[in-house]
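Asker: Structure file input30.pdb, PDB, C-alpha atoms and all ligand atoms, is pasted below:
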```pdb
ATOM      1  CA  MET A   1      -5.214  11.922   5.418
ATOM      2  CA  PRO A   2      -6.257   8.275   4.787
ATOM      3  CA  ILE A   3      -6.072   6.502   1.436
ATOM      4  CA  ASP A   4      -8.733   7.755  -0.987
ATOM      5  CA  PRO A   5     -11.274   4.892  -1.320
ATOM      6  CA  ASP A   6     -12.140   6.166  -4.820
ATOM      7  CA  PHE A   7      -8.535   6.201  -6.025
ATOM      8  CA  MET A   8      -9.311   3.911  -8.982
ATOM      9  CA  LYS A   9     -11.694   6.539 -10.393
ATOM     10  CA  LYS A  10      -9.438   9.514  -9.675
ATOM     11  CA  ARG A  11      -5.960   8.215 -10.475
ATOM     12  CA  ASN A  12      -4.257   6.433 -13.345
ATOM     13  CA  VAL A  13      -1.850   3.533 -13.317
ATOM     14  CA  THR A  14       1.506   5.150 -14.007
ATOM     15  CA  GLY A  15       3.800   2.222 -13.491
ATOM     16  CA  ASN A  16       4.498  -1.205 -12.124
ATOM     17  CA  HIS A  17       6.573  -2.179  -9.124
ATOM     18  CA  ALA A  18       7.433  -5.702  -7.987
ATOM     19  CA  GLY A  19       4.528  -7.127  -9.989
ATOM     20  CA  HIS A  20       1.801  -4.736  -8.838
ATOM     21  CA  ALA A  21       0.324  -1.564 -10.318
ATOM     22  CA  VAL A  22       1.353   1.887  -9.089
ATOM     23  CA  TRP A  23      -1.323   4.584  -9.174
ATOM     24  CA  GLY A  24       0.160   8.069  -9.604
ATOM     25  CA  GLU A  25       1.219  10.677  -9.211
ATOM     26  CA  VAL A  26       4.736   9.505  -8.497
ATOM     27  CA  GLU A  27       7.642  11.877  -7.906
ATOM     28  CA  PRO A  28      10.341  10.143  -5.858
ATOM     29  CA  PRO A  29      11.510  10.515  -3.230
ATOM     30  CA  SER A  30       8.620  12.586  -1.821
ATOM     31  CA  LYS A  31       5.671  11.096  -3.763
ATOM     32  CA  LEU A  32       5.448   7.332  -4.112
ATOM     33  CA  GLY A  33       1.790   6.811  -5.056
ATOM     34  CA  ILE A  34      -0.610   3.977  -4.266
ATOM     35  CA  HIS A  35       0.879   0.503  -4.641
ATOM     36  CA  GLY A  36      -1.413  -2.385  -5.586
ATOM     37  CA  THR A  37      -5.053  -2.484  -6.668
ATOM     38  CA  GLN A  38      -7.068  -5.135  -4.782
ATOM     39  CA  VAL A  39      -4.594  -4.605  -1.950
ATOM     40  CA  ALA A  40      -3.957  -0.878  -2.269
ATOM     41  CA  LEU A  41      -1.427   0.771   0.022
ATOM     42  CA  ASP A  42      -0.865   4.506  -0.216
ATOM     43  CA  GLN A  43       2.849   4.859   0.405
ATOM     44  CA  ASP A  44       2.393   8.608   0.901
ATOM     45  CA  VAL A  45       0.138   7.825   3.890
ATOM     46  CA  CYS A  46       2.140   4.846   5.230
ATOM     47  CA  ASP A  47       4.342   5.808   8.186
ATOM     48  CA  GLY A  48       6.296   2.561   8.195
ATOM     49  CA  ASP A  49       4.563   1.187  11.276
ATOM     50  CA  GLY A  50       4.624  -2.359   9.878
ATOM     51  CA  ILE A  51       1.522  -3.717  11.632
ATOM     52  CA  CYS A  52       0.194  -4.917   8.256
ATOM     53  CA  ILE A  53       3.317  -7.024   7.788
ATOM     54  CA  SER A  54       2.796  -8.511  11.256
ATOM     55  CA  VAL A  55      -0.922  -9.266  10.992
ATOM     56  CA  CYS A  56      -1.270 -10.516   7.400
ATOM     57  CA  PRO A  57      -1.822 -14.289   7.611
ATOM     58  CA  VAL A  58      -0.617 -14.920   4.045
ATOM     59  CA  SER A  59       2.461 -12.613   3.903
ATOM     60  CA  VAL A  60       1.202 -10.176   1.275
ATOM     61  CA  PHE A  61       3.522  -7.344   2.381
ATOM     62  CA  ASP A  62       7.265  -6.789   2.301
ATOM     63  CA  TRP A  63       9.395  -3.849   3.362
ATOM     64  CA  VAL A  64      10.717  -1.472   0.736
ATOM     65  CA  ASP A  65      13.197   1.321   1.482
ATOM     66  CA  SER A  66      12.020   4.871   0.836
ATOM     67  CA  PRO A  67      14.943   7.176   1.675
ATOM     68  CA  GLY A  68      14.009  10.849   1.517
ATOM     69  CA  HIS A  69      10.264  10.380   1.948
ATOM     70  CA  PRO A  70       8.894  12.931   4.444
ATOM     71  CA  LEU A  71       6.927  10.366   6.501
ATOM     72  CA  SER A  72       9.296   7.407   6.800
ATOM     73  CA  ASP A  73      12.368   5.846   5.245
ATOM     74  CA  ARG A  74      10.698   2.506   4.706
ATOM     75  CA  LYS A  75       7.262   1.473   3.508
ATOM     76  CA  SER A  76       5.141  -1.604   3.347
ATOM     77  CA  ASP A  77       4.658  -2.918  -0.186
ATOM     78  CA  PRO A  78       2.010  -5.443  -1.384
ATOM     79  CA  THR A  79       4.490  -7.639  -3.256
ATOM     80  CA  ASN A  80       2.327 -10.751  -2.909
ATOM     81  CA  GLU A  81      -1.019  -9.108  -3.702
ATOM     82  CA  PRO A  82      -2.657 -12.180  -5.361
ATOM     83  CA  ALA A  83      -2.386 -14.140  -2.093
ATOM     84  CA  CYS A  84      -4.810 -11.827  -0.241
ATOM     85  CA  ILE A  85      -7.802 -13.598   1.325
ATOM     86  CA  GLN A  86      -9.627 -10.332   2.176
ATOM     87  CA  CYS A  87      -9.521 -10.836   5.932
ATOM     88  CA  LEU A  88      -9.228  -7.014   6.330
ATOM     89  CA  ALA A  89      -6.844  -7.273   9.282
ATOM     90  CA  CYS A  90      -4.356  -4.893   7.654
ATOM     91  CA  GLU A  91      -6.988  -2.339   6.699
ATOM     92  CA  MET A  92      -8.501  -2.321  10.195
ATOM     93  CA  GLN A  93      -5.217  -2.113  12.081
ATOM     94  CA  CYS A  94      -3.223   0.335   9.977
ATOM     95  CA  PRO A  95      -2.695   3.365  12.258
ATOM     96  CA  THR A  96      -2.682   5.856   9.376
ATOM     97  CA  LYS A  97      -5.464   4.184   7.299
ATOM     98  CA  ALA A  98      -3.121   3.741   4.354
ATOM     99  CA  ILE A  99      -4.701   0.491   3.095
ATOM    100  CA  LYS A 100      -7.865  -0.193   1.091
ATOM    101  CA  ILE A 101      -8.887  -3.775   0.317
ATOM    102  CA  THR A 102     -11.187  -4.262  -2.690
ATOM    103  CA  PRO A 103     -12.360  -7.837  -3.371
ATOM    104  CA  PRO A 104     -11.671  -8.887  -6.984
TER
HETATM  105  S1  LIG B 201      -6.777  -8.244   3.887
HETATM  106 FE1  LIG B 201      -5.801  -9.830   5.186
HETATM  107  S2  LIG B 201      -4.898 -11.293   3.696
HETATM  108 FE2  LIG B 201      -5.330  -9.372   2.570
HETATM  109  S3  LIG B 201      -3.407  -8.192   2.662
HETATM  110 FE3  LIG B 201      -4.700  -7.518   4.398
HETATM  111  S4  LIG B 201      -4.059  -8.791   6.150
HETATM  112 FE4  LIG B 201      -3.290  -9.792   4.257
END
```
Take the structure in this file and express it as structure tokens.
Ligand code: SF4
Answerer:
Amino acid sequence: MPIDPDFMKKRNVTGNHAGHAVWGEVEPPSKLGIHGTQVALDQDVCDGDGICISVCPVSVFDWVDSPGHPLSDRKSDPTNEPACIQCLACEMQCPTKAIKITPP
């Protein structure tokens, strides 16, 4: 299932990770939530493909380990969210539709 485009209405910020918001629910290791807001990446949808890391022209994403998660043992993480220039390359190319870009 892709990231919910209405996640900001349906979820609450339950934490902070590497400088970005985390939208719950979060129950590690199996539930990691949505990381980021303007650059939102649902780590429970991410399969660790990494295409977003490859295509982002301004290096918004980094790898983060996720041992024990049912989909993959590493995830992409929007650690440099403020750098996003809304090119949408990551959103369009993500194979599992885990990313939602919302202009500020
Ligand atoms: S929309 Fe473009 S600049 Fe923003 S995170 Fe995705 S690939 Fe990077």
Asker: Could you spell out the hits of the PyMOL selection byres (((not hetatm)) within 12 of (chain B and resi 201)) on the shown file, as a ChimeraX atom specification?
Answerer: /A:36-41,50-62,76-94,98-104
Asker: Carefully work through the PyMOL selection byres (((chain A and resi 33) around 12) and not hetatm) for this structure and note down the residues it includes, as an MDAnalysis selection string.
Answerer: chainID A and resid 3:4 7 11:17 21:32 34:37 40:46 66 69 75 77 98
Asker: To one decimal in Å, tell me the separation between CA of Asp47 (chain A) and CA of Pro70 (chain A).
Answerer: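 Between CA of Asp47 (chain A) and CA of Pro70 (chain A) the gap works out to 9.2 Å.
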Asker: Find the distance between CA of Ser72 (chain A) and CA of Pro95 (chain A) and write it in Å to one decimal.
Answerer: 13.8 Å
Asker: Quick check, in Å to one decimal: how far apart do CA of Pro2 (chain A) and CA of Asp65 (chain A) lie?
Answerer: 20.9 Å
Asker: Write out as JSON an axis-aligned box for region 57-72 of chain A: all of its atoms listed in the file, 3 Å added on each side, centre and edge lengths in Å with one decimal.
Answerer:
```
{"center_x": 6.6, "center_y": -1.0, "center_z": 4.2, "size_x": 22.8, "size_y": 33.9, "size_z": 12.9}
```
